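Engineer: Take a look at input28.pdb, PDB, C-alpha atoms:
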ATOM      1  CA  MET A  16     -40.750-166.331-130.677
ATOM      2  CA  PRO A  17     -42.202-162.821-130.279
ATOM      3  CA  PHE A  18     -42.028-162.399-134.044
ATOM      4  CA  VAL A  19     -44.224-165.410-134.594
ATOM      5  CA  ALA A  20     -46.594-164.247-131.878
ATOM      6  CA  PHE A  21     -47.032-160.901-133.604
ATOM      7  CA  ALA A  22     -47.642-162.339-137.029
ATOM      8  CA  GLN A  23     -50.165-164.926-135.982
ATOM      9  CA  GLY A  24     -53.782-164.421-135.127
ATOM     10  CA  HIS A  25     -54.758-162.059-137.915
ATOM     11  CA  GLU A  26     -57.687-162.797-140.157
ATOM     12  CA  ASP A  27     -56.967-163.283-143.821
ATOM     13  CA  ILE A  28     -58.229-159.948-145.076
ATOM     14  CA  PRO A  29     -57.684-158.983-148.720
ATOM     15  CA  ALA A  30     -55.012-156.259-148.846
ATOM     16  CA  GLU A  31     -57.001-154.127-151.296
ATOM     17  CA  ALA A  32     -60.015-154.013-148.996
ATOM     18  CA  GLN A  33     -57.833-153.060-146.046
ATOM     19  CA  MET A  34     -56.087-150.369-148.033
ATOM     20  CA  LEU A  35     -59.470-148.950-149.003
ATOM     21  CA  LYS A  36     -60.551-148.959-145.353
ATOM     22  CA  ALA A  37     -57.424-147.042-144.336
ATOM     23  CA  GLN A  38     -58.104-144.480-147.058
ATOM     24  CA  GLU A  39     -61.721-144.023-145.950
ATOM     25  CA  VAL A  40     -60.655-143.552-142.353
ATOM     26  CA  ARG A  41     -58.051-140.976-143.393
ATOM     27  CA  GLN A  42     -60.631-139.026-145.399
ATOM     28  CA  LYS A  43     -63.028-139.035-142.455
ATOM     29  CA  ALA A  44     -60.304-137.817-140.096
ATOM     30  CA  GLN A  45     -59.416-135.007-142.512
ATOM     31  CA  GLU A  46     -63.067-133.923-142.693
ATOM     32  CA  ILE A  47     -63.421-133.794-138.908
ATOM     33  CA  LYS A  48     -60.136-131.889-138.609
ATOM     34  CA  ARG A  49     -61.447-129.240-140.996
ATOM     35  CA  GLU A  50     -64.700-128.999-139.020
ATOM     36  CA  VAL A  51     -62.880-128.512-135.701
ATOM     37  CA  LYS A  52     -60.739-125.766-137.234
ATOM     38  CA  ALA A  53     -63.801-123.965-138.585
ATOM     39  CA  GLU A  54     -65.561-124.321-135.224
ATOM     40  CA  ASN A  55     -62.611-122.746-133.411
ATOM     41  CA  LYS A  56     -62.633-119.811-135.784
ATOM     42  CA  ASN A  57     -66.410-119.329-135.510
ATOM     43  CA  ILE A  58     -66.486-119.081-131.716
ATOM     44  CA  ARG A  59     -63.914-116.294-131.765
ATOM     45  CA  VAL A  60     -66.003-114.276-134.251
ATOM     46  CA  GLU A  61     -69.448-115.106-132.775
ATOM     47  CA  THR A  62     -68.683-114.165-129.164
ATOM     48  CA  ARG A  63     -67.003-110.868-129.892
ATOM     49  CA  ASN A  64     -70.009-108.685-128.890
ATOM     50  CA  LEU A  65     -71.904-110.941-126.450
ATOM     51  CA  PRO A  66     -72.403-110.419-122.671
ATOM     52  CA  LYS A  67     -69.935-112.237-120.358
ATOM     53  CA  GLU A  68     -72.305-114.966-119.143
ATOM     54  CA  GLU A  69     -73.447-115.812-122.631
ATOM     55  CA  VAL A  70     -69.870-115.921-123.837
ATOM     56  CA  LYS A  71     -69.006-118.359-121.055
ATOM     57  CA  GLU A  72     -71.950-120.627-121.901
ATOM     58  CA  LYS A  73     -71.202-120.546-125.585
ATOM     59  CA  ARG A  74     -67.553-121.228-124.932
ATOM     60  CA  GLU A  75     -68.381-124.256-122.797
ATOM     61  CA  ALA A  76     -70.700-125.646-125.461
ATOM     62  CA  VAL A  77     -68.101-125.240-128.174
ATOM     63  CA  ARG A  78     -65.394-126.790-125.987
ATOM     64  CA  THR A  79     -67.569-129.856-125.455
ATOM     65  CA  GLU A  80     -68.320-130.083-129.156
ATOM     66  CA  ILE A  81     -64.644-129.822-130.071
ATOM     67  CA  LYS A  82     -63.766-132.436-127.462
ATOM     68  CA  ASP A  83     -66.346-134.817-128.954
ATOM     69  CA  LYS A  84     -64.993-134.254-132.434
ATOM     70  CA  ARG A  85     -61.449-134.903-131.279
ATOM     71  CA  GLU A  86     -62.657-138.144-129.729
ATOM     72  CA  GLU A  87     -64.215-139.016-133.067
ATOM     73  CA  ILE A  88     -60.897-138.373-134.830
ATOM     74  CA  ARG A  89     -59.120-140.593-132.330
ATOM     75  CA  ASP A  90     -61.594-143.381-132.943
ATOM     76  CA  THR A  91     -61.045-143.165-136.681
ATOM     77  CA  ILE A  92     -57.269-143.127-136.189
ATOM     78  CA  LYS A  93     -57.558-146.192-133.962
ATOM     79  CA  GLU A  94     -59.588-147.899-136.660
ATOM     80  CA  LYS A  95     -56.976-147.013-139.275
ATOM     81  CA  ARG A  96     -54.173-148.349-137.076
ATOM     82  CA  GLU A  97     -56.074-151.604-136.562
ATOM     83  CA  ALA A  98     -56.539-151.919-140.342
ATOM     84  CA  PHE A  99     -52.757-151.839-140.828
ATOM     85  CA  LYS A 100     -52.289-154.548-138.199
ATOM     86  CA  ASP A 101     -54.903-156.695-139.904
ATOM     87  CA  GLU A 102     -52.968-156.549-143.163
ATOM     88  CA  ALA A 103     -49.912-158.201-141.554
ATOM     89  CA  LYS A 104     -50.723-161.735-142.663
ATOM     90  CA  GLU A 105     -51.277-160.602-146.214
ATOM     91  CA  ARG A 106     -47.923-158.772-146.309
ATOM     92  CA  ILE A 107     -46.114-161.809-144.878
ATOM     93  CA  ASN A 108     -47.682-164.042-147.508
ATOM     94  CA  VAL A 109     -46.397-161.829-150.290
ATOM     95  CA  LEU A 110     -42.946-161.168-148.808
ATOM     96  CA  LYS A 111     -42.265-164.833-148.061
ATOM     97  CA  GLU A 112     -42.092-165.428-151.821
ATOM     98  CA  LYS A 113     -38.785-163.519-151.848
ATOM     99  CA  VAL A 114     -37.394-164.331-148.398
ATOM    100  CA  SER A 115     -38.191-167.294-146.132
ATOM    101  CA  GLU A 116     -41.482-167.337-144.210
ATOM    102  CA  GLU A 117     -39.680-167.003-140.886
ATOM    103  CA  ARG A 118     -37.706-164.020-142.146
ATOM    104  CA  ALA A 119     -40.852-162.421-143.564
ATOM    105  CA  LYS A 120     -42.499-162.753-140.143
ATOM    106  CA  LYS A 121     -39.449-161.237-138.466
ATOM    107  CA  ILE A 122     -39.386-158.274-140.843
ATOM    108  CA  GLU A 123     -43.115-157.710-140.301
ATOM    109  CA  ALA A 124     -42.633-157.888-136.530
ATOM    110  CA  PHE A 125     -39.732-155.434-136.600
ATOM    111  CA  PHE A 126     -41.736-152.949-138.637
ATOM    112  CA  GLY A 127     -44.841-153.528-136.517
ATOM    113  CA  GLY A 128     -42.874-152.852-133.329
ATOM    114  CA  MET A 129     -41.478-149.662-134.773
ATOM    115  CA  VAL A 130     -44.950-148.531-135.867
ATOM    116  CA  ARG A 131     -46.300-149.123-132.366
ATOM    117  CA  LYS A 132     -43.550-146.919-130.908
ATOM    118  CA  PHE A 133     -44.350-144.121-133.351
ATOM    119  CA  GLU A 134     -48.072-144.481-132.650
ATOM    120  CA  ALA A 135     -47.462-144.312-128.898
ATOM    121  CA  ALA A 136     -45.272-141.215-129.335
ATOM    122  CA  ILE A 137     -47.889-139.451-131.476
ATOM    123  CA  SER A 138     -50.705-140.359-129.077
ATOM    124  CA  ARG A 139     -48.624-139.046-126.188
ATOM    125  CA  LEU A 140     -48.100-135.724-127.961
ATOM    126  CA  ARG A 141     -51.862-135.490-128.635
ATOM    127  CA  THR A 142     -52.626-136.006-124.947
ATOM    128  CA  LEU A 143     -50.035-133.396-123.983
ATOM    129  CA  ALA A 144     -51.695-130.957-126.412
ATOM    130  CA  ASP A 145     -55.061-131.669-124.736
ATOM    131  CA  ARG A 146     -53.593-130.950-121.328
ATOM    132  CA  ILE A 147     -52.180-127.636-122.555
ATOM    133  CA  ASP A 148     -55.600-126.881-124.055
ATOM    134  CA  SER A 149     -57.215-127.528-120.703
ATOM    135  CA  ARG A 150     -54.797-125.092-119.040
ATOM    136  CA  LEU A 151     -55.584-122.461-121.701
ATOM    137  CA  ASP A 152     -59.316-122.947-121.018
ATOM    138  CA  LYS A 153     -58.665-122.071-117.384
ATOM    139  CA  PHE A 154     -56.648-118.981-118.339
ATOM    140  CA  GLU A 155     -59.461-117.955-120.664
ATOM    141  CA  ASP A 156     -62.013-118.373-117.864
ATOM    142  CA  GLU A 157     -59.860-116.098-115.719
ATOM    143  CA  GLY A 158     -60.204-113.462-118.441
ATOM    144  CA  LYS A 159     -56.731-113.783-119.934
ATOM    145  CA  ASP A 160     -56.213-113.312-123.654
ATOM    146  CA  VAL A 161     -54.991-116.670-124.910
ATOM    147  CA  SER A 162     -55.563-116.203-128.625
ATOM    148  CA  ALA A 163     -51.841-116.150-129.493
ATOM    149  CA  LEU A 164     -51.255-119.246-127.367
ATOM    150  CA  ARG A 165     -54.227-120.996-129.005
ATOM    151  CA  THR A 166     -52.794-120.257-132.442
ATOM    152  CA  ALA A 167     -49.433-121.672-131.359
ATOM    153  CA  LEU A 168     -51.169-124.768-129.986
ATOM    154  CA  ASP A 169     -53.167-125.171-133.220
ATOM    155  CA  ASN A 170     -49.880-125.090-135.116
ATOM    156  CA  ALA A 171     -48.422-127.694-132.772
ATOM    157  CA  ARG A 172     -51.493-129.874-133.323
ATOM    158  CA  ASN A 173     -50.952-129.528-137.078
ATOM    159  CA  SER A 174     -47.368-130.717-136.593
ATOM    160  CA  ILE A 175     -48.675-133.747-134.703
ATOM    161  CA  GLU A 176     -51.072-134.533-137.543
ATOM    162  CA  SER A 177     -48.205-134.153-140.044
ATOM    163  CA  ALA A 178     -46.358-136.807-138.071
ATOM    164  CA  GLU A 179     -49.411-139.096-138.247
ATOM    165  CA  ASP A 180     -49.634-138.492-142.021
ATOM    166  CA  ALA A 181     -45.932-139.283-142.408
ATOM    167  CA  LEU A 182     -46.496-142.518-140.499
ATOM    168  CA  ASP A 183     -49.364-143.406-142.848
ATOM    169  CA  LYS A 184     -47.027-142.857-145.775
ATOM    170  CA  ALA A 185     -44.394-145.103-144.175
ATOM    171  CA  LYS A 186     -46.997-147.853-143.705
ATOM    172  CA  GLU A 187     -48.059-147.564-147.343
ATOM    173  CA  GLU A 188     -44.442-147.762-148.539
ATOM    174  CA  PHE A 189     -43.839-150.792-146.333
ATOM    175  CA  THR A 190     -46.873-152.517-147.866
ATOM    176  CA  THR A 191     -45.481-151.781-151.349
ATOM    177  CA  PHE A 192     -42.028-152.995-150.229
ATOM    178  CA  ALA A 193     -43.517-156.363-149.248
ATOM    179  CA  SER A 194     -44.872-156.951-152.741
ATOM    180  CA  THR A 195     -42.152-155.375-154.843
ATOM    181  CA  GLU A 196     -39.826-157.375-157.111
ATOM    182  CA  ASN A 197     -36.688-156.131-155.396
ATOM    183  CA  PRO A 198     -37.444-155.591-151.686
ATOM    184  CA  LYS A 199     -33.870-154.697-150.731
ATOM    185  CA  GLU A 200     -33.739-151.874-153.249
ATOM    186  CA  TYR A 201     -37.218-150.627-152.322
ATOM    187  CA  PHE A 202     -36.329-150.654-148.647
ATOM    188  CA  GLU A 203     -34.149-147.591-149.239
ATOM    189  CA  LYS A 204     -37.378-145.715-149.951
ATOM    190  CA  VAL A 205     -38.990-147.105-146.791
ATOM    191  CA  LYS A 206     -35.941-145.943-144.823
ATOM    192  CA  THR A 207     -36.326-142.403-146.131
ATOM    193  CA  VAL A 208     -40.013-142.181-145.200
ATOM    194  CA  VAL A 209     -39.377-143.694-141.761
ATOM    195  CA  HIS A 210     -36.638-141.117-141.195
ATOM    196  CA  ASN A 211     -39.204-138.464-142.124
ATOM    197  CA  VAL A 212     -41.630-139.804-139.493
ATOM    198  CA  SER A 213     -38.909-139.510-136.814
ATOM    199  CA  GLN A 214     -38.211-135.972-137.889
ATOM    200  CA  LYS A 215     -41.901-134.982-137.873
ATOM    201  CA  VAL A 216     -42.404-136.476-134.406
ATOM    202  CA  ARG A 217     -39.441-134.456-133.116
ATOM    203  CA  GLU A 218     -40.774-131.300-134.761
ATOM    204  CA  ALA A 219     -44.185-131.828-133.169
ATOM    205  CA  HIS A 220     -42.542-132.351-129.788
ATOM    206  CA  LYS A 221     -40.509-129.174-130.191
ATOM    207  CA  ALA A 222     -43.646-127.252-131.181
ATOM    208  CA  LEU A 223     -45.321-128.339-127.936
ATOM    209  CA  VAL A 224     -42.221-127.413-125.908
ATOM    210  CA  ASP A 225     -42.349-123.942-127.492
ATOM    211  CA  VAL A 226     -46.049-123.631-126.600
ATOM    212  CA  ILE A 227     -45.533-124.661-122.980
ATOM    213  CA  ASN A 228     -42.644-122.176-122.686
ATOM    214  CA  SER A 229     -44.929-119.408-123.955
ATOM    215  CA  VAL A 230     -47.685-120.541-121.567
ATOM    216  CA  LYS A 231     -45.164-120.446-118.737
ATOM    217  CA  GLY A 232     -44.188-116.936-119.714
ATOM    218  CA  ALA A 233     -47.846-115.876-119.795
ATOM    219  CA  SER A 234     -48.649-117.429-116.418
ATOM    220  CA  THR A 235     -45.691-115.892-114.579
ATOM    221  CA  PRO A 236     -46.742-112.694-112.754
ATOM    222  CA  GLN A 237     -45.001-109.667-114.257
TER     223      GLN A 237
ATOM    224  CA  MET B   3     -57.350-194.416 -94.126
ATOM    225  CA  ASN B   4     -53.914-194.638 -95.737
ATOM    226  CA  GLN B   5     -55.489-194.550 -99.186
ATOM    227  CA  LYS B   6     -57.392-191.362 -98.276
ATOM    228  CA  LYS B   7     -54.173-189.759 -97.055
ATOM    229  CA  SER B   8     -52.282-190.616-100.202
ATOM    230  CA  LYS B   9     -55.120-189.226-102.341
ATOM    231  CA  ALA B  10     -54.976-185.969-100.416
ATOM    232  CA  TRP B  11     -51.211-185.805-100.942
ATOM    233  CA  LEU B  12     -51.660-186.490-104.629
ATOM    234  CA  ALA B  13     -54.156-183.646-104.860
ATOM    235  CA  ILE B  14     -51.710-181.288-103.122
ATOM    236  CA  VAL B  15     -48.885-182.317-105.444
ATOM    237  CA  ILE B  16     -51.117-181.756-108.498
ATOM    238  CA  ILE B  17     -52.155-178.302-107.248
ATOM    239  CA  ILE B  18     -48.522-177.320-106.641
ATOM    240  CA  ALA B  19     -47.501-178.644-110.050
ATOM    241  CA  LEU B  20     -50.295-176.685-111.751
ATOM    242  CA  GLY B  21     -49.291-173.552-109.865
ATOM    243  CA  ALA B  22     -45.671-173.983-110.949
ATOM    244  CA  LEU B  23     -46.786-174.529-114.538
ATOM    245  CA  ALA B  24     -48.941-171.405-114.483
ATOM    246  CA  TYR B  25     -46.008-169.404-113.124
ATOM    247  CA  LEU B  26     -43.708-170.817-115.807
ATOM    248  CA  VAL B  27     -46.147-169.953-118.600
ATOM    249  CA  TYR B  28     -46.577-166.427-117.193
ATOM    250  CA  TYR B  29     -42.811-165.978-116.862
ATOM    251  CA  MET B  30     -42.239-167.158-120.431
ATOM    252  CA  ARG B  31     -44.877-164.791-121.771
ATOM    253  CA  VAL B  32     -43.260-161.875-119.965
ATOM    254  CA  SER B  33     -39.766-162.766-121.120
ATOM    255  CA  VAL B  34     -40.738-163.067-124.810
ATOM    256  CA  GLN B  35     -42.411-159.656-124.951
ATOM    257  CA  GLU B  36     -41.526-157.582-127.978
ATOM    258  CA  PRO B  37     -38.364-155.470-127.714
ATOM    259  CA  SER B  38     -40.340-152.303-128.495
ATOM    260  CA  GLN B  39     -42.766-152.868-125.600
ATOM    261  CA  PRO B  40     -40.800-151.084-122.806
ATOM    262  CA  ILE B  41     -40.528-147.939-124.949
ATOM    263  CA  VAL B  42     -44.244-148.141-125.824
ATOM    264  CA  ASN B  43     -45.099-148.534-122.120
ATOM    265  CA  GLN B  44     -42.944-145.563-121.228
ATOM    266  CA  LEU B  45     -44.558-143.403-123.905
ATOM    267  CA  GLU B  46     -48.029-144.469-122.850
ATOM    268  CA  SER B  47     -47.574-143.395-119.254
ATOM    269  CA  GLN B  48     -48.025-139.733-118.396
ATOM    270  CA  GLY B  49     -49.813-137.592-115.839
ATOM    271  CA  THR B  50     -53.252-136.074-116.211
ATOM    272  CA  SER B  51     -52.656-132.733-114.543
ATOM    273  CA  ASP B  52     -52.897-129.521-116.553
ATOM    274  CA  GLU B  53     -50.505-127.668-114.255
ATOM    275  CA  VAL B  54     -47.875-126.023-116.436
ATOM    276  CA  SER B  55     -44.939-127.444-114.455
ATOM    277  CA  VAL B  56     -46.334-131.004-114.629
ATOM    278  CA  ILE B  57     -46.963-130.785-118.381
ATOM    279  CA  GLU B  58     -43.456-129.409-118.795
ATOM    280  CA  GLN B  59     -42.060-132.353-116.863
ATOM    281  CA  ASP B  60     -43.915-134.860-119.044
ATOM    282  CA  LEU B  61     -42.736-133.069-122.164
ATOM    283  CA  SER B  62     -39.107-133.191-121.097
ATOM    284  CA  GLY B  63     -39.590-136.819-120.091
ATOM    285  CA  THR B  64     -40.739-137.737-123.583
ATOM    286  CA  ALA B  65     -37.893-139.883-124.882
ATOM    287  CA  LEU B  66     -37.921-139.976-128.665
ATOM    288  CA  GLU B  67     -34.588-141.704-129.213
ATOM    289  CA  GLY B  68     -34.457-145.011-131.002
ATOM    290  CA  LEU B  69     -38.007-144.938-132.328
ATOM    291  CA  ASP B  70     -36.759-146.145-135.718
ATOM    292  CA  SER B  71     -34.078-148.541-134.469
ATOM    293  CA  GLU B  72     -35.797-151.504-136.185
ATOM    294  CA  VAL B  73     -34.764-150.156-139.595
ATOM    295  CA  SER B  74     -31.264-151.600-139.154
ATOM    296  CA  ASP B  75     -32.745-154.922-137.933
ATOM    297  CA  ILE B  76     -34.797-155.180-141.145
ATOM    298  CA  GLU B  77     -31.738-154.293-143.222
ATOM    299  CA  LYS B  78     -29.805-157.091-141.529
ATOM    300  CA  GLU B  79     -32.611-159.551-142.302
ATOM    301  CA  LEU B  80     -32.618-158.503-145.956
ATOM    302  CA  GLN B  81     -28.852-158.865-146.098
ATOM    303  CA  SER B  82     -28.984-162.326-144.521
ATOM    304  CA  ALA B  83     -31.600-163.317-147.066
ATOM    305  CA  GLY B  84     -28.938-162.704-149.720
ATOM    306  CA  LEU B  85     -30.974-160.125-151.598
TER     307      LEU B  85
END
Rewrite the structure from the file as structure tokens, please.
Structural biologist:
Amino acid sequence: MPFVAFAQGHEDIPAEAQMLKAQEVRQKAQEIKREVKAENKNIRVETRNLPKEEVKEKREAVRTEIKDKREEIRDTIKEKREAFKDEAKERINVLKEKVSEERAKKIEAFFGGMVRKFEAAISRLRTLADRIDSRLDKFEDEGKDVSALRTALDNARNSIESAEDALDKAKEEFTTFASTENPKEYFEKVKTVVHNVSQKVREAHKALVDVINSVKGASTPQ
Amino acid sequence: MNQKKSKAWLAIVIIIALGALAYLVYYMRVSVQEPSQPIVNQLESQGTSDEVSVIEQDLSGTALEGLDSEVSDIEKELQSAGL
């Protein structure tokens, strides 16, 4: 019953158009990511010789700008995730030529459920990174040097994005699996990429744990 | 008078029946939720504080086991399909 519920209700959107949309969204997200990185680097260079008050103002402005850009990335990611959901009907239509329609719906629902778990895990890690960022902002306002912690957090954020990229790859492989001549054989490939997503999510989680441990060390009075 | 009374009773019975039906539909919807939903719900809930100890707690409470458990379900489906 839940399988049917998941598969129904999607518009019949041509798979090629949806694939194109996902690609566009990914490109846009990559562009914004590069901009945020450059912005972070600029503020560190620009404020080096400025008076305290001006530094504070500038810092606040850049923080707001970065926050807005991150929001923009999240919107594009949301859009990309929706695009994959919208392709469900199309994938079922193709897969049902090799297995029964009911089985095709079940397989789609299983994969869809798994994707939602991965998406929730990645989103959770992003929010945790934001919360650490917010704590670092406070340390910075207190005059502490947080540059090493920021670099570690940037690296953790990169790990999170690697997990999102791995998930994109898994979705692409699943779409190919649905239309391939021998789905069972191709599923071995899907399994490998899904395993990679799990691994990347764990790595990203570990990176954040390492950051929070360093933050803890920095916040403990010597 | 009697006819009025029986109409009122009929209305009450209909209201109760509709209430029971609504409850049944709600119950069925809850019970057929996707198996992945509890894990998704758990992952989606976290605090908002930026206190180090609270973030640490949420990080250690991030359960990442079984995220890919559906892989074996799909394999079973493919096997049952005789592929």
Engineer: If you count all atoms listed in the file, which residues fall within 9 Å of A:Phe189, apart from same-chain ones fewer than 2 positions away, as JSON, numbers by chain?
Structural biologist: {"A": [106, 126, 184, 185, 186, 187, 191, 192, 193, 194, 201, 202, 204, 205]}
Engineer: Would you give me, as a Markdown table, each residue of chain B having an atom within 12 Å of an atom of chain A, along with its shortest atom pair and that distance in Å to one decimal, using only C-alpha atoms and sorting by chain and residue number?
Structural biologist:
| residue | atom | partner | partner_atom | distance |
| --- | --- | --- | --- | --- |
| B:Met30 | CA | A:Met16 | CA | 10.4 |
| B:Arg31 | CA | A:Pro17 | CA | 9.1 |
| B:Val32 | CA | A:Pro17 | CA | 10.4 |
| B:Ser33 | CA | A:Pro17 | CA | 9.5 |
| B:Val34 | CA | A:Pro17 | CA | 5.7 |
| B:Gln35 | CA | A:Pro17 | CA | 6.2 |
| B:Glu36 | CA | A:Pro17 | CA | 5.8 |
| B:Pro37 | CA | A:Gly128 | CA | 7.7 |
| B:Ser38 | CA | A:Gly128 | CA | 5.5 |
| B:Gln39 | CA | A:Gly128 | CA | 7.7 |
| B:Pro40 | CA | A:Lys132 | CA | 9.5 |
| B:Ile41 | CA | A:Lys132 | CA | 6.8 |
| B:Val42 | CA | A:Lys132 | CA | 5.3 |
| B:Asn43 | CA | A:Ala135 | CA | 8.3 |
| B:Gln44 | CA | A:Ala135 | CA | 9.0 |
| B:Leu45 | CA | A:Ala135 | CA | 5.8 |
| B:Glu46 | CA | A:Ala135 | CA | 6.1 |
| B:Ser47 | CA | A:Arg139 | CA | 8.3 |
| B:Gln48 | CA | A:Arg139 | CA | 7.8 |
| B:Gly49 | CA | A:Leu143 | CA | 9.2 |
| B:Thr50 | CA | A:Arg146 | CA | 7.2 |
| B:Ser51 | CA | A:Arg146 | CA | 7.1 |
| B:Asp52 | CA | A:Arg146 | CA | 5.0 |
| B:Glu53 | CA | A:Arg150 | CA | 6.9 |
| B:Val54 | CA | A:Lys231 | CA | 6.6 |
| B:Ser55 | CA | A:Lys231 | CA | 8.2 |
| B:Val56 | CA | A:Arg146 | CA | 9.9 |
| B:Ile57 | CA | A:Leu143 | CA | 6.9 |
| B:Glu58 | CA | A:Ile227 | CA | 6.7 |
| B:Gln59 | CA | A:Val224 | CA | 10.3 |
| B:Asp60 | CA | A:Leu143 | CA | 8.0 |
| B:Leu61 | CA | A:Val224 | CA | 6.8 |
| B:Ser62 | CA | A:Val224 | CA | 8.1 |
| B:Gly63 | CA | A:His220 | CA | 11.1 |
| B:Thr64 | CA | A:Ala136 | CA | 8.1 |
| B:Ala65 | CA | A:Ala136 | CA | 8.7 |
| B:Leu66 | CA | A:Arg217 | CA | 7.3 |
| B:Glu67 | CA | A:Ser213 | CA | 9.0 |
| B:Gly68 | CA | A:Ser213 | CA | 9.2 |
| B:Leu69 | CA | A:Lys132 | CA | 6.1 |
| B:Asp70 | CA | A:Met129 | CA | 6.0 |
| B:Ser71 | CA | A:Met129 | CA | 7.5 |
| B:Glu72 | CA | A:Phe125 | CA | 5.6 |
| B:Val73 | CA | A:Lys206 | CA | 6.8 |
| B:Ser74 | CA | A:Lys206 | CA | 9.3 |
| B:Asp75 | CA | A:Phe125 | CA | 7.1 |
| B:Ile76 | CA | A:Ile122 | CA | 5.5 |
| B:Glu77 | CA | A:Lys199 | CA | 7.8 |
| B:Lys78 | CA | A:Ile122 | CA | 9.7 |
| B:Glu79 | CA | A:Arg118 | CA | 6.8 |
| B:Leu80 | CA | A:Lys199 | CA | 6.2 |
| B:Gln81 | CA | A:Lys199 | CA | 8.0 |
| B:Ser82 | CA | A:Arg118 | CA | 9.2 |
| B:Ala83 | CA | A:Val114 | CA | 6.0 |
| B:Gly84 | CA | A:Val114 | CA | 8.7 |
| B:Leu85 | CA | A:Lys199 | CA | 6.2 |
Engineer: For A:Asp160, list every protein, DNA or RNA residue within 12 Å, evaluated using all atoms listed in the file, and leave out those in the same chain fewer than 3 positions away; present the list as a PyMOL selection string.
Structural biologist: chain A and resi 59+151-157+163-166+230+233-234
Engineer: Would you give the centre and edge lengths, in Å to one decimal, of a box along x, y and z around the listed atoms of stretch 75-85 of chain B, with 4 Å added to each side, as JSON?
Structural biologist:
{"center_x": -31.8, "center_y": -158.8, "center_z": -144.8, "size_x": 13.9, "size_y": 17.0, "size_z": 21.7}
Engineer: Please measure the separation of atom CA of A:Asp101 and atom CA of B:Val27, giving the value in Å to one decimal.
Structural biologist: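 Computing it gives 26.6 Å between the two atoms.
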Engineer: To one decimal place, how far is atom CA of A:Val226 from atom CA of A:Lys67 in Å?
Structural biologist: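 Atom CA of A:Lys67 lies at a distance of 27.2 Å from atom CA of A:Val226.
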Engineer: For the atom pair atom CA of A:Glu75 and atom CA of A:Asn170, what is the interatomic distance in Å to one decimal place?
Structural biologist: 22.2 Å
